[in-house]
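Shown here: query_35.csv, CSV, C-alpha atoms.
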```csv
chain,number,residue,atom,x,y,z
B,1059,MET,CA,82.5,102.8,58.0
B,1060,THR,CA,82.7,99.8,60.4
B,1061,ARG,CA,84.0,100.6,63.8
B,1062,THR,CA,85.8,98.2,66.1
B,1063,THR,CA,85.2,98.7,69.8
B,1064,PHE,CA,86.8,97.1,72.8
B,1065,PHE,CA,83.8,97.0,75.1
B,1066,THR,CA,84.7,95.7,78.5
B,1067,ALA,CA,84.3,96.1,82.2
B,1068,THR,CA,87.3,97.0,84.3
B,1069,THR,CA,88.2,97.8,87.8
B,1070,LEU,CA,89.3,101.3,88.8
B,1071,ASP,CA,92.9,100.0,88.9
B,1072,GLY,CA,92.8,98.6,85.4
B,1073,TYR,CA,92.0,94.9,85.7
B,1074,ILE,CA,89.5,93.1,83.6
B,1075,ALA,CA,89.6,89.9,85.7
B,1076,ASP,CA,91.4,88.9,88.9
B,1077,GLU,CA,94.5,86.7,89.0
B,1078,HIS,CA,92.3,83.6,88.9
B,1079,ASP,CA,90.3,85.0,85.9
B,1080,SER,CA,87.3,85.5,88.2
B,1081,LEU,CA,84.7,88.2,87.5
B,1082,GLU,CA,83.2,87.9,91.0
B,1083,TRP,CA,83.9,91.6,91.6
B,1084,LEU,CA,81.8,92.5,88.5
B,1085,PHE,CA,78.6,90.5,89.0
B,1086,VAL,CA,77.9,92.1,92.4
B,1087,GLN,CA,77.7,95.6,90.9
B,1088,ASP,CA,74.5,97.5,90.1
B,1089,VAL,CA,73.8,98.2,86.4
B,1090,ARG,CA,70.8,99.3,84.5
B,1091,GLU,CA,70.5,97.6,81.1
B,1092,ASP,CA,68.2,100.4,80.0
B,1093,GLY,CA,70.8,103.0,81.3
B,1094,PRO,CA,73.4,104.8,79.3
B,1095,MET,CA,76.2,103.0,77.5
B,1096,SER,CA,74.9,99.6,78.6
B,1097,TYR,CA,75.7,96.2,77.0
B,1098,ALA,CA,72.1,96.0,75.8
B,1099,SER,CA,72.4,99.3,73.8
B,1100,PHE,CA,75.9,98.4,72.6
B,1101,ILE,CA,75.2,95.0,71.3
B,1102,GLN,CA,72.3,96.2,69.1
B,1103,GLY,CA,74.9,97.8,66.7
B,1104,ILE,CA,77.2,94.8,66.6
B,1105,GLY,CA,77.5,92.4,63.6
B,1106,ALA,CA,80.5,90.3,64.6
B,1107,MET,CA,82.8,89.7,67.6
B,1108,ALA,CA,86.2,88.4,68.5
B,1109,MET,CA,87.9,87.2,71.7
B,1110,GLY,CA,91.0,85.4,72.9
B,1111,ALA,CA,91.3,81.9,74.2
B,1112,THR,CA,91.2,82.8,77.9
B,1113,THR,CA,88.0,84.7,77.5
B,1114,TYR,CA,86.4,81.9,75.5
B,1115,ALA,CA,87.5,79.3,78.1
B,1116,TRP,CA,86.0,81.5,80.8
B,1117,ILE,CA,82.7,81.6,79.0
B,1118,GLY,CA,82.9,77.8,78.6
B,1119,ASP,CA,83.3,77.4,82.4
B,1120,HIS,CA,80.5,79.8,83.0
B,1121,LEU,CA,78.1,77.9,80.7
B,1122,ARG,CA,79.0,74.6,82.3
B,1123,LYS,CA,78.5,76.0,85.9
B,1124,THR,CA,75.2,77.8,85.1
B,1125,GLY,CA,73.7,75.5,82.5
B,1126,GLU,CA,73.2,78.5,80.3
B,1127,ALA,CA,73.4,78.3,76.5
B,1128,TRP,CA,75.8,80.4,74.3
B,1129,MET,CA,74.3,83.8,74.4
B,1130,TYR,CA,75.4,85.4,71.1
B,1131,ASP,CA,73.6,85.2,67.8
B,1132,ILE,CA,76.4,87.0,65.8
B,1133,PRO,CA,79.5,85.3,64.3
B,1134,CYS,CA,82.4,85.0,66.7
B,1135,TRP,CA,86.1,84.5,66.1
B,1136,VAL,CA,88.2,83.0,68.8
B,1137,PHE,CA,91.9,83.6,68.6
B,1138,THR,CA,93.6,80.4,69.9
B,1139,HIS,CA,96.3,77.9,69.5
B,1140,ARG,CA,94.4,75.5,71.8
B,1141,GLU,CA,91.8,73.0,70.9
B,1142,PHE,CA,88.3,73.9,71.9
B,1143,GLU,CA,84.8,72.6,71.3
B,1144,PRO,CA,82.3,75.2,69.8
B,1145,TYR,CA,79.9,76.2,72.6
B,1146,GLY,CA,77.4,77.6,70.1
B,1147,GLU,CA,76.6,78.4,66.4
B,1148,GLY,CA,78.8,80.7,64.3
B,1149,ILE,CA,82.1,80.2,66.2
B,1150,THR,CA,85.3,80.2,64.2
B,1151,PHE,CA,88.7,79.3,65.8
B,1152,THR,CA,91.6,81.0,64.2
B,1153,SER,CA,95.3,81.7,64.6
B,1154,ALA,CA,95.5,83.9,61.5
B,1155,PRO,CA,96.9,87.4,61.6
B,1156,VAL,CA,94.5,89.9,63.1
B,1157,ALA,CA,94.2,92.0,59.9
B,1158,GLU,CA,93.0,89.0,58.0
B,1159,VAL,CA,90.4,88.0,60.6
B,1160,HIS,CA,89.3,91.6,60.9
B,1161,ALA,CA,88.6,91.7,57.2
B,1162,GLU,CA,86.5,88.5,57.5
B,1163,MET,CA,84.6,90.1,60.4
B,1164,VAL,CA,83.8,93.2,58.5
B,1165,ALA,CA,82.5,91.1,55.6
B,1166,ALA,CA,80.4,89.0,58.0
B,1167,ALA,CA,79.0,92.0,60.0
B,1168,GLY,CA,76.7,93.2,57.2
B,1169,GLY,CA,77.5,96.9,57.8
B,1170,ARG,CA,77.3,96.7,61.5
B,1171,ASP,CA,80.2,97.3,63.9
B,1172,LEU,CA,82.7,94.9,65.5
B,1173,TRP,CA,83.0,94.0,69.2
B,1174,MET,CA,86.5,93.2,70.5
B,1175,VAL,CA,85.5,91.3,73.6
B,1176,GLY,CA,89.0,90.9,75.0
B,1177,GLY,CA,91.3,90.2,76.7
B,1178,GLY,CA,93.5,93.2,76.8
B,1179,ASP,CA,96.3,91.7,74.9
B,1180,LEU,CA,94.2,90.8,71.9
B,1181,ALA,CA,92.6,94.2,72.0
B,1182,ALA,CA,96.1,95.7,72.0
B,1183,GLN,CA,97.1,93.5,69.0
B,1184,PHE,CA,94.1,94.9,67.1
B,1185,ALA,CA,95.2,98.4,68.1
B,1186,ASP,CA,98.8,97.7,67.0
B,1187,ALA,CA,97.5,96.7,63.6
B,1188,GLY,CA,95.5,100.0,63.4
B,1189,LEU,CA,92.2,98.1,63.7
B,1190,LEU,CA,90.8,99.3,67.0
B,1191,ASP,CA,88.8,102.5,66.9
B,1192,GLU,CA,87.4,102.7,70.4
B,1193,LEU,CA,87.5,101.6,74.0
B,1194,LEU,CA,84.2,101.6,75.8
B,1195,VAL,CA,84.9,100.8,79.4
B,1196,SER,CA,82.5,100.3,82.4
B,1197,ILE,CA,84.6,101.0,85.4
B,1198,ALA,CA,83.5,99.1,88.5
B,1199,PRO,CA,84.0,100.8,91.9
B,1200,VAL,CA,86.6,98.2,92.9
B,1201,THR,CA,90.4,97.9,93.1
B,1202,LEU,CA,92.0,94.4,92.9
B,1203,GLY,CA,95.7,95.3,93.2
B,1204,ALA,CA,96.5,92.5,90.7
B,1205,GLY,CA,94.9,90.6,87.8
B,1206,ARG,CA,94.5,90.6,84.1
B,1207,PRO,CA,95.5,94.0,82.6
B,1208,LEU,CA,92.9,96.1,80.7
B,1209,PHE,CA,95.2,97.2,77.9
B,1210,PRO,CA,98.9,96.3,78.3
B,1211,ARG,CA,100.3,98.9,76.0
B,1212,PRO,CA,101.2,102.7,76.1
B,1213,TYR,CA,98.4,104.4,74.1
B,1214,ASP,CA,96.9,107.8,73.8
B,1215,LEU,CA,93.1,108.0,73.9
B,1216,GLU,CA,90.5,110.7,73.5
B,1217,LEU,CA,87.4,110.9,75.8
B,1218,THR,CA,84.2,111.1,73.6
B,1219,GLU,CA,81.4,110.2,76.0
B,1220,LEU,CA,80.9,109.8,79.8
B,1221,ALA,CA,78.0,108.7,81.9
B,1222,GLN,CA,77.2,106.9,85.2
B,1223,ASN,CA,75.2,103.7,84.9
B,1224,GLY,CA,74.4,102.2,88.3
B,1225,SER,CA,77.7,101.9,90.2
B,1226,PHE,CA,79.7,102.1,87.0
B,1227,VAL,CA,81.6,105.0,85.4
B,1228,CYS,CA,81.1,104.4,81.7
B,1229,ALA,CA,83.6,106.1,79.4
B,1230,ARG,CA,84.1,106.0,75.6
B,1231,TYR,CA,87.4,106.8,74.1
B,1232,ASP,CA,88.7,107.0,70.6
B,1233,VAL,CA,92.0,105.3,70.1
B,1234,VAL,CA,94.5,108.0,69.1
B,1235,GLY,CA,97.5,105.8,68.7
B,1236,PRO,CA,100.6,104.4,70.4
B,1237,ARG,CA,102.4,106.8,72.7
B,1238,ALA,CA,105.6,108.2,71.2
R,655,MET,CA,84.6,115.3,111.0
R,656,THR,CA,88.0,115.4,109.2
R,657,ARG,CA,88.0,113.5,105.9
R,658,THR,CA,91.2,112.0,104.4
R,659,THR,CA,91.2,111.9,100.6
R,660,PHE,CA,93.6,110.2,98.2
R,661,PHE,CA,93.5,112.9,95.5
R,662,THR,CA,95.6,111.8,92.5
R,663,ALA,CA,95.7,111.6,88.7
R,664,THR,CA,95.8,108.1,87.2
R,665,THR,CA,95.9,106.5,83.8
R,666,LEU,CA,92.9,104.6,82.5
R,667,ASP,CA,94.8,101.4,83.3
R,668,GLY,CA,95.6,102.3,86.8
R,669,TYR,CA,99.1,103.8,87.0
R,670,ILE,CA,100.0,107.0,88.8
R,671,ALA,CA,103.4,107.2,87.2
R,672,ASP,CA,105.3,105.3,84.6
R,673,GLU,CA,108.0,102.7,85.3
R,674,HIS,CA,110.6,105.6,85.6
R,675,ASP,CA,108.4,107.6,87.9
R,676,SER,CA,107.7,110.0,85.0
R,677,LEU,CA,104.4,112.1,84.8
R,678,GLU,CA,105.1,113.1,81.2
R,679,TRP,CA,101.7,111.5,80.2
R,680,LEU,CA,100.0,113.8,82.7
R,681,PHE,CA,101.3,117.2,81.9
R,682,VAL,CA,100.3,117.0,78.3
R,683,GLN,CA,96.6,116.8,79.2
R,684,ASP,CA,94.0,119.5,79.1
R,685,VAL,CA,92.5,120.6,82.5
R,686,ARG,CA,90.5,123.5,83.7
R,687,GLU,CA,91.6,124.7,87.1
R,688,ASP,CA,88.2,126.4,87.4
R,689,GLY,CA,86.4,123.2,86.2
R,690,PRO,CA,84.8,120.5,88.4
R,691,MET,CA,86.8,118.5,90.9
R,692,SER,CA,90.0,120.4,90.1
R,693,TYR,CA,93.1,120.6,92.3
R,694,ALA,CA,92.4,124.3,92.8
R,695,SER,CA,89.0,123.5,94.4
R,696,PHE,CA,90.2,120.5,96.3
R,697,ILE,CA,93.2,122.2,97.9
R,698,GLN,CA,91.0,125.0,99.4
R,699,GLY,CA,89.6,122.5,101.9
R,700,ILE,CA,92.9,120.9,102.9
R,701,GLY,CA,94.7,121.6,106.2
R,702,ALA,CA,97.5,119.0,106.1
R,703,MET,CA,99.1,116.5,103.6
R,704,ALA,CA,101.1,113.3,103.6
R,705,MET,CA,103.2,111.5,101.0
R,706,GLY,CA,105.7,108.8,100.6
R,707,ALA,CA,109.4,109.0,99.9
R,708,THR,CA,109.2,108.4,96.2
R,709,THR,CA,106.6,111.1,95.7
R,710,TYR,CA,108.7,113.5,97.8
R,711,ALA,CA,111.9,112.7,95.8
R,712,TRP,CA,110.0,113.2,92.6
R,713,ILE,CA,108.9,116.7,93.7
R,714,GLY,CA,112.5,117.4,94.7
R,715,ASP,CA,113.7,116.5,91.2
R,716,HIS,CA,110.9,118.7,89.7
R,717,LEU,CA,111.9,121.7,91.8
R,718,ARG,CA,115.5,121.3,90.9
R,719,LYS,CA,114.7,121.0,87.2
R,720,THR,CA,112.3,123.9,87.0
R,721,GLY,CA,113.7,126.2,89.7
R,722,GLU,CA,110.3,126.4,91.2
R,723,ALA,CA,109.8,126.8,95.0
R,724,TRP,CA,107.9,124.3,97.3
R,725,MET,CA,104.3,125.0,96.4
R,726,TYR,CA,102.4,124.1,99.5
R,727,ASP,CA,101.6,126.3,102.5
R,728,ILE,CA,100.2,123.6,104.7
R,729,PRO,CA,102.0,121.1,106.9
R,730,CYS,CA,103.3,118.1,105.1
R,731,TRP,CA,104.4,114.7,106.5
R,732,VAL,CA,106.8,112.6,104.5
R,733,PHE,CA,106.9,108.9,105.3
R,734,THR,CA,110.5,107.8,104.7
R,735,HIS,CA,113.4,105.8,106.0
R,736,ARG,CA,115.7,107.8,103.7
R,737,GLU,CA,117.5,111.0,104.5
R,738,PHE,CA,116.1,114.1,102.8
R,739,GLU,CA,116.5,117.8,102.9
R,740,PRO,CA,113.4,119.8,103.5
R,741,TYR,CA,112.4,121.5,100.3
R,742,GLY,CA,110.2,124.0,102.1
R,743,GLU,CA,108.6,125.1,105.3
R,744,GLY,CA,106.4,122.8,107.5
R,745,ILE,CA,107.8,119.5,106.3
R,746,THR,CA,108.1,116.6,108.8
R,747,PHE,CA,109.9,113.4,108.0
R,748,THR,CA,108.5,110.4,109.8
R,749,SER,CA,108.7,106.6,110.0
R,750,ALA,CA,106.0,106.4,112.7
R,751,PRO,CA,102.9,104.3,112.4
R,752,VAL,CA,100.3,105.8,110.1
R,753,ALA,CA,97.7,106.1,112.8
R,754,GLU,CA,100.0,108.2,115.0
R,755,VAL,CA,100.9,110.5,112.1
R,756,HIS,CA,97.2,110.7,111.0
R,757,ALA,CA,96.3,112.0,114.5
R,758,GLU,CA,99.1,114.6,114.3
R,759,MET,CA,97.8,115.7,110.9
R,760,VAL,CA,94.2,116.0,112.2
R,761,ALA,CA,95.4,118.2,115.0
R,762,ALA,CA,97.5,120.4,112.7
R,763,ALA,CA,94.8,120.7,110.0
R,764,GLY,CA,92.6,123.1,112.1
R,765,GLY,CA,89.3,121.4,111.2
R,766,ARG,CA,90.2,121.1,107.5
R,767,ASP,CA,90.6,117.9,105.6
R,768,LEU,CA,93.7,115.8,104.9
R,769,TRP,CA,95.3,115.1,101.5
R,770,MET,CA,96.9,111.7,101.0
R,771,VAL,CA,99.1,112.7,98.1
R,772,GLY,CA,100.4,109.1,97.4
R,773,GLY,CA,101.9,106.9,96.3
R,774,GLY,CA,99.4,104.1,96.1
R,775,ASP,CA,101.0,101.9,98.7
R,776,LEU,CA,101.0,104.6,101.3
R,777,ALA,CA,97.3,105.4,100.5
R,778,ALA,CA,96.6,101.7,100.9
R,779,GLN,CA,98.4,101.7,104.3
R,780,PHE,CA,96.1,104.5,105.4
R,781,ALA,CA,93.1,102.5,104.2
R,782,ASP,CA,94.3,99.3,105.9
R,783,ALA,CA,94.4,101.4,109.2
R,784,GLY,CA,90.8,102.6,108.5
R,785,LEU,CA,92.1,106.1,108.0
R,786,LEU,CA,91.3,106.7,104.3
R,787,ASP,CA,87.8,108.1,103.6
R,788,GLU,CA,87.9,108.8,99.8
R,789,LEU,CA,89.6,108.4,96.5
R,790,LEU,CA,89.3,111.4,94.2
R,791,VAL,CA,90.9,110.3,90.9
R,792,SER,CA,91.4,112.3,87.7
R,793,ILE,CA,91.7,109.6,85.0
R,794,ALA,CA,93.8,110.7,82.1
R,795,PRO,CA,93.0,109.4,78.6
R,796,VAL,CA,96.1,107.3,78.5
R,797,THR,CA,97.2,103.7,79.0
R,798,LEU,CA,100.8,102.9,80.0
R,799,GLY,CA,100.7,99.1,80.3
R,800,ALA,CA,103.2,99.3,83.2
R,801,GLY,CA,104.1,101.7,86.0
R,802,ARG,CA,103.4,102.6,89.6
R,803,PRO,CA,100.0,101.2,90.7
R,804,LEU,CA,97.2,103.4,91.8
R,805,PHE,CA,96.1,101.4,94.8
R,806,PRO,CA,97.7,98.0,95.2
R,807,ARG,CA,95.0,96.3,97.3
R,808,PRO,CA,91.6,94.7,96.8
R,809,TYR,CA,89.0,97.3,98.0
R,810,ASP,CA,85.4,98.0,97.5
R,811,LEU,CA,84.5,101.6,96.8
R,812,GLU,CA,81.3,103.6,96.2
R,813,LEU,CA,81.0,106.2,93.5
R,814,THR,CA,79.7,109.5,94.9
R,815,GLU,CA,80.6,112.1,92.2
R,816,LEU,CA,81.5,112.1,88.5
R,817,ALA,CA,82.4,114.9,86.1
R,818,GLN,CA,84.5,115.6,83.0
R,819,ASN,CA,87.2,118.2,83.4
R,820,GLY,CA,89.1,118.9,80.2
R,821,SER,CA,90.4,115.5,78.9
R,822,PHE,CA,90.0,113.9,82.4
R,823,VAL,CA,87.3,111.7,83.9
R,824,CYS,CA,87.0,112.9,87.5
R,825,ALA,CA,85.5,110.4,89.9
R,826,ARG,CA,85.0,110.5,93.7
R,827,TYR,CA,84.7,107.3,95.7
R,828,ASP,CA,84.0,106.6,99.3
R,829,VAL,CA,86.3,103.8,100.6
R,830,VAL,CA,83.9,101.0,101.7
R,831,GLY,CA,86.5,98.6,102.9
R,832,PRO,CA,88.8,95.7,102.0
R,833,ARG,CA,87.2,93.1,99.7
R,834,ALA,CA,86.3,89.9,101.6
```
Structure rendered as structure tokens:
Amino acid sequence: MTRTTFFTATTLDGYIADEHDSLEWLFVQDVREDGPMSYASFIQGIGAMAMGATTYAWIGDHLRKTGEAWMYDIPCWVFTHREFEPYGEGITFTSAPVAEVHAEMVAAAGGRDLWMVGGGDLAAQFADAGLLDELLVSIAPVTLGAGRPLFPRPYDLELTELAQNGSFVCARYDVVGPRA
Amino acid sequence: MTRTTFFTATTLDGYIADEHDSLEWLFVQDVREDGPMSYASFIQGIGAMAMGATTYAWIGDHLRKTGEAWMYDIPCWVFTHREFEPYGEGITFTSAPVAEVHAEMVAAAGGRDLWMVGGGDLAAQFADAGLLDELLVSIAPVTLGAGRPLFPRPYDLELTELAQNGSFVCARYDVVGPRA
């Protein structure tokens, strides 16, 4: 059974980026890629990924600034109404309903799981369609006071795994459902 | 050396109460009072407490609804510009600067530590005055998407303790300082 996981870093006060979409607060943290609940261990089980336009645009800026190449070798769906260039292989731009895209992702993933990259609103749209199984959050020891919200909906979750990795609290939650 | 700790529950997305100041999401959670980082263990080391007017008003509503009595036997400072009745013994209403009140609290605490009850803005005012040492947060497995913010300022923290208690992630952080 394919699982769909919103794997993301967040601040302690629930922001996945600051008001200017910066992740400067994130890159200064300590993390062990061979530690528990790391990106390196997570990505091994993933067969397809999806993100929103703001996240994709942020990656584009990052690639331009650093000269790095697109870093994913799995198919990626980008939900957007904007025009973008593909920054790598296997990128599909879509404005189709999330259920339709999710079905395409499952088919493409070859039995592996799906990564909801973000942002929070797209992750919540997946959840609203009953298509988000988990949140796996790496909580940085930072507050921002303002920024892009982690998950802009009232939902009940259930804690299933907890660990410290470097300076992060890593917590895995099953999505129970929208709060009554 | 007296320590001042902002001990509070929060949602995963960083709210300490919903938009209507309700804690309904909190009281449905599982917690073990004899478990790690519980209120019961925390309060044993506390000699004085401080809260803002909204928190105090919420407690007043709770006492009226439930018929319970004021549940604290340590001196309590309430920062307010509103008129309130005292709901119990040892309550001081103040609009003095936080540094002045903090000094009174230290003197009253008899060598024990101080509890910053909240809300988030008062806790941040203590931090801005260099008078908040720790955050000790119990993170409920809930998102709200909106509500009263945990800590409405950009601050760097350092994780010093982590545990699960019932359905909560309990994390203790030293306050490092405002983010540059």
Chain B superposed on chain R over all ordered C-alpha pairs, least squares: can you write that as a compact mmCIF listing (two decimals) with C-alpha atoms, in the frame of the given file?
```txt
# COMPACT_ATOMS: atom_id res chain seq x y z
CA MET B 1059 84.63 115.30 111.03
CA THR B 1060 87.99 115.42 109.17
CA ARG B 1061 88.08 113.50 105.98
CA THR B 1062 91.16 111.95 104.41
CA THR B 1063 91.23 111.88 100.63
CA PHE B 1064 93.62 110.25 98.24
CA PHE B 1065 93.55 112.83 95.47
CA THR B 1066 95.59 111.76 92.52
CA ALA B 1067 95.80 111.52 88.79
CA THR B 1068 95.88 108.12 87.15
CA THR B 1069 95.92 106.57 83.79
CA LEU B 1070 92.93 104.59 82.51
CA ASP B 1071 94.89 101.39 83.25
CA GLY B 1072 95.59 102.30 86.84
CA TYR B 1073 99.06 103.84 86.94
CA ILE B 1074 99.94 106.95 88.80
CA ALA B 1075 103.43 107.25 87.24
CA ASP B 1076 105.31 105.27 84.60
CA GLU B 1077 108.05 102.75 85.38
CA HIS B 1078 110.60 105.56 85.54
CA ASP B 1079 108.32 107.62 87.89
CA SER B 1080 107.68 110.07 85.04
CA LEU B 1081 104.45 112.09 84.86
CA GLU B 1082 105.08 113.09 81.23
CA TRP B 1083 101.76 111.52 80.23
CA LEU B 1084 99.93 113.80 82.74
CA PHE B 1085 101.33 117.25 81.97
CA VAL B 1086 100.27 117.08 78.30
CA GLN B 1087 96.58 116.73 79.21
CA ASP B 1088 93.99 119.52 79.14
CA VAL B 1089 92.52 120.58 82.51
CA ARG B 1090 90.54 123.51 83.66
CA GLU B 1091 91.51 124.66 87.16
CA ASP B 1092 88.16 126.43 87.41
CA GLY B 1093 86.39 123.16 86.23
CA PRO B 1094 84.79 120.55 88.38
CA MET B 1095 86.74 118.50 90.90
CA SER B 1096 89.97 120.34 90.09
CA TYR B 1097 93.11 120.55 92.29
CA ALA B 1098 92.40 124.24 92.84
CA SER B 1099 88.91 123.52 94.35
CA PHE B 1100 90.24 120.51 96.28
CA ILE B 1101 93.15 122.12 97.92
CA GLN B 1102 91.04 124.98 99.36
CA GLY B 1103 89.56 122.47 101.93
CA ILE B 1104 92.88 120.92 102.88
CA GLY B 1105 94.71 121.59 106.20
CA ALA B 1106 97.49 119.01 106.07
CA MET B 1107 99.05 116.49 103.66
CA ALA B 1108 101.12 113.36 103.58
CA MET B 1109 103.18 111.52 100.95
CA GLY B 1110 105.73 108.75 100.60
CA ALA B 1111 109.40 109.04 99.90
CA THR B 1112 109.18 108.40 96.16
CA THR B 1113 106.66 111.13 95.69
CA TYR B 1114 108.69 113.58 97.76
CA ALA B 1115 111.88 112.71 95.81
CA TRP B 1116 109.96 113.28 92.59
CA ILE B 1117 108.90 116.70 93.73
CA GLY B 1118 112.53 117.40 94.71
CA ASP B 1119 113.68 116.55 91.15
CA HIS B 1120 110.94 118.64 89.71
CA LEU B 1121 111.90 121.70 91.79
CA ARG B 1122 115.54 121.33 90.88
CA LYS B 1123 114.74 120.98 87.08
CA THR B 1124 112.23 123.88 87.01
CA GLY B 1125 113.69 126.21 89.60
CA GLU B 1126 110.31 126.36 91.21
CA ALA B 1127 109.85 126.76 94.97
CA TRP B 1128 107.89 124.31 97.24
CA MET B 1129 104.34 124.99 96.38
CA TYR B 1130 102.41 124.06 99.55
CA ASP B 1131 101.66 126.32 102.47
CA ILE B 1132 100.10 123.52 104.65
CA PRO B 1133 102.07 121.12 106.92
CA CYS B 1134 103.35 118.04 105.15
CA TRP B 1135 104.43 114.66 106.47
CA VAL B 1136 106.77 112.57 104.44
CA PHE B 1137 106.86 108.90 105.21
CA THR B 1138 110.51 107.77 104.72
CA HIS B 1139 113.37 105.77 105.96
CA ARG B 1140 115.73 107.80 103.73
CA GLU B 1141 117.48 110.98 104.50
CA PHE B 1142 116.13 114.02 102.77
CA GLU B 1143 116.60 117.77 102.92
CA PRO B 1144 113.34 119.83 103.55
CA TYR B 1145 112.42 121.52 100.24
CA GLY B 1146 110.14 123.99 102.02
CA GLU B 1147 108.55 125.12 105.36
CA GLY B 1148 106.37 122.80 107.46
CA ILE B 1149 107.83 119.45 106.28
CA THR B 1150 108.08 116.65 108.80
CA PHE B 1151 109.89 113.34 107.99
CA THR B 1152 108.52 110.40 109.82
CA SER B 1153 108.63 106.62 109.99
CA ALA B 1154 105.98 106.39 112.72
CA PRO B 1155 102.89 104.26 112.36
CA VAL B 1156 100.29 105.81 110.11
CA ALA B 1157 97.63 106.11 112.86
CA GLU B 1158 99.95 108.20 114.93
CA VAL B 1159 100.89 110.55 112.08
CA HIS B 1160 97.26 110.78 111.07
CA ALA B 1161 96.36 111.97 114.53
CA GLU B 1162 99.10 114.65 114.32
CA MET B 1163 97.71 115.71 110.93
CA VAL B 1164 94.23 116.08 112.18
CA ALA B 1165 95.48 118.22 115.07
CA ALA B 1166 97.54 120.35 112.67
CA ALA B 1167 94.73 120.76 110.03
CA GLY B 1168 92.63 123.12 112.17
CA GLY B 1169 89.32 121.45 111.19
CA ARG B 1170 90.14 121.15 107.58
CA ASP B 1171 90.55 117.87 105.68
CA LEU B 1172 93.64 115.75 104.92
CA TRP B 1173 95.23 115.12 101.51
CA MET B 1174 96.91 111.73 100.99
CA VAL B 1175 99.11 112.66 98.07
CA GLY B 1176 100.42 109.17 97.40
CA GLY B 1177 101.84 106.86 96.26
CA GLY B 1178 99.39 104.06 96.12
CA ASP B 1179 101.03 101.96 98.69
CA LEU B 1180 100.95 104.62 101.36
CA ALA B 1181 97.38 105.41 100.48
CA ALA B 1182 96.61 101.70 100.89
CA GLN B 1183 98.38 101.66 104.31
CA PHE B 1184 96.11 104.52 105.42
CA ALA B 1185 93.13 102.55 104.13
CA ASP B 1186 94.30 99.39 105.95
CA ALA B 1187 94.40 101.35 109.17
CA GLY B 1188 90.80 102.59 108.52
CA LEU B 1189 92.05 106.15 107.91
CA LEU B 1190 91.22 106.75 104.28
CA ASP B 1191 87.73 108.00 103.55
CA GLU B 1192 87.90 108.80 99.86
CA LEU B 1193 89.63 108.42 96.54
CA LEU B 1194 89.32 111.34 94.19
CA VAL B 1195 90.87 110.32 90.93
CA SER B 1196 91.44 112.30 87.66
CA ILE B 1197 91.71 109.69 85.01
CA ALA B 1198 93.89 110.72 82.08
CA PRO B 1199 92.96 109.37 78.61
CA VAL B 1200 96.14 107.28 78.49
CA THR B 1201 97.20 103.65 79.02
CA LEU B 1202 100.84 102.90 80.01
CA GLY B 1203 100.74 99.09 80.25
CA ALA B 1204 103.14 99.30 83.24
CA GLY B 1205 104.15 101.68 86.05
CA ARG B 1206 103.40 102.60 89.58
CA PRO B 1207 100.05 101.11 90.72
CA LEU B 1208 97.18 103.44 91.79
CA PHE B 1209 96.05 101.38 94.77
CA PRO B 1210 97.70 97.95 95.18
CA ARG B 1211 95.05 96.37 97.29
CA PRO B 1212 91.57 94.65 96.80
CA TYR B 1213 89.04 97.27 97.99
CA ASP B 1214 85.41 98.02 97.52
CA LEU B 1215 84.51 101.63 96.71
CA GLU B 1216 81.33 103.60 96.23
CA LEU B 1217 80.96 106.21 93.41
CA THR B 1218 79.76 109.58 94.95
CA GLU B 1219 80.52 112.13 92.24
CA LEU B 1220 81.50 112.14 88.51
CA ALA B 1221 82.38 114.88 86.11
CA GLN B 1222 84.56 115.56 83.02
CA ASN B 1223 87.21 118.24 83.42
CA GLY B 1224 89.11 118.85 80.18
CA SER B 1225 90.38 115.45 78.97
CA PHE B 1226 89.99 113.94 82.42
CA VAL B 1227 87.27 111.71 83.89
CA CYS B 1228 87.09 112.86 87.49
CA ALA B 1229 85.51 110.41 89.93
CA ARG B 1230 85.02 110.50 93.73
CA TYR B 1231 84.61 107.36 95.66
CA ASP B 1232 84.04 106.57 99.27
CA VAL B 1233 86.22 103.83 100.60
CA VAL B 1234 83.91 100.97 101.63
CA GLY B 1235 86.54 98.62 102.88
CA PRO B 1236 88.79 95.69 101.99
CA ARG B 1237 87.24 93.09 99.72
CA ALA B 1238 86.23 89.91 101.55
```
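Proximity of B:Val1195, B:Leu1081, B:Ile1149, B:Val1136 to B:Phe1209, computed with only C-alpha atoms, is greatest for B:Val1195.
When all atoms listed in the file are used to compute distances to chain B, the closest of the residues R:Ala702, R:Ala762, R:Leu786, R:Leu666 turns out to be R:Leu666.
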**Asked** For chain R against chain B, which residues fall within 6 Å using all atoms listed in the file, given as a count of residues only?
**Response** 14
**Request:** Might you pull out every residue within 9 Å of R:Ser749, with all atoms listed in the file counted and same-chain residues fewer than 4 positions away left off, and present them as a list in words?
**Result:** Val732, Phe733, Thr734, His735 and Val755 of chain R
Atoms kept (C-alpha atoms) for selection, written as a PDB file, keeping the file's coordinate frame:
```
ATOM      1  CA  VAL R 732     106.800 112.600 104.500  1.00  0.00           C
ATOM      2  CA  PHE R 733     106.900 108.900 105.300  1.00  0.00           C
ATOM      3  CA  THR R 734     110.500 107.800 104.700  1.00  0.00           C
ATOM      4  CA  HIS R 735     113.400 105.800 106.000  1.00  0.00           C
ATOM      5  CA  VAL R 755     100.900 110.500 112.100  1.00  0.00           C
TER       6      VAL R 755
END
```
Can you pull out the residues contacting B:Gly1093? Cut-off 8 Å, using all atoms listed in the file, and skip same-chain residues under 3 positions away; I want them as an mmCIF file with C-alpha atoms, in the coordinates of the input.
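Output file result09.cif is given in full below:
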```cif
data_model
loop_
_atom_site.group_PDB
_atom_site.id
_atom_site.type_symbol
_atom_site.label_atom_id
_atom_site.label_comp_id
_atom_site.auth_asym_id
_atom_site.auth_seq_id
_atom_site.Cartn_x
_atom_site.Cartn_y
_atom_site.Cartn_z
ATOM 1 C CA VAL B 1089 73.800 98.200 86.400
ATOM 2 C CA ARG B 1090 70.800 99.300 84.500
ATOM 3 C CA SER B 1096 74.900 99.600 78.600
ATOM 4 C CA ASN B 1223 75.200 103.700 84.900
ATOM 5 C CA GLY B 1224 74.400 102.200 88.300
#
```
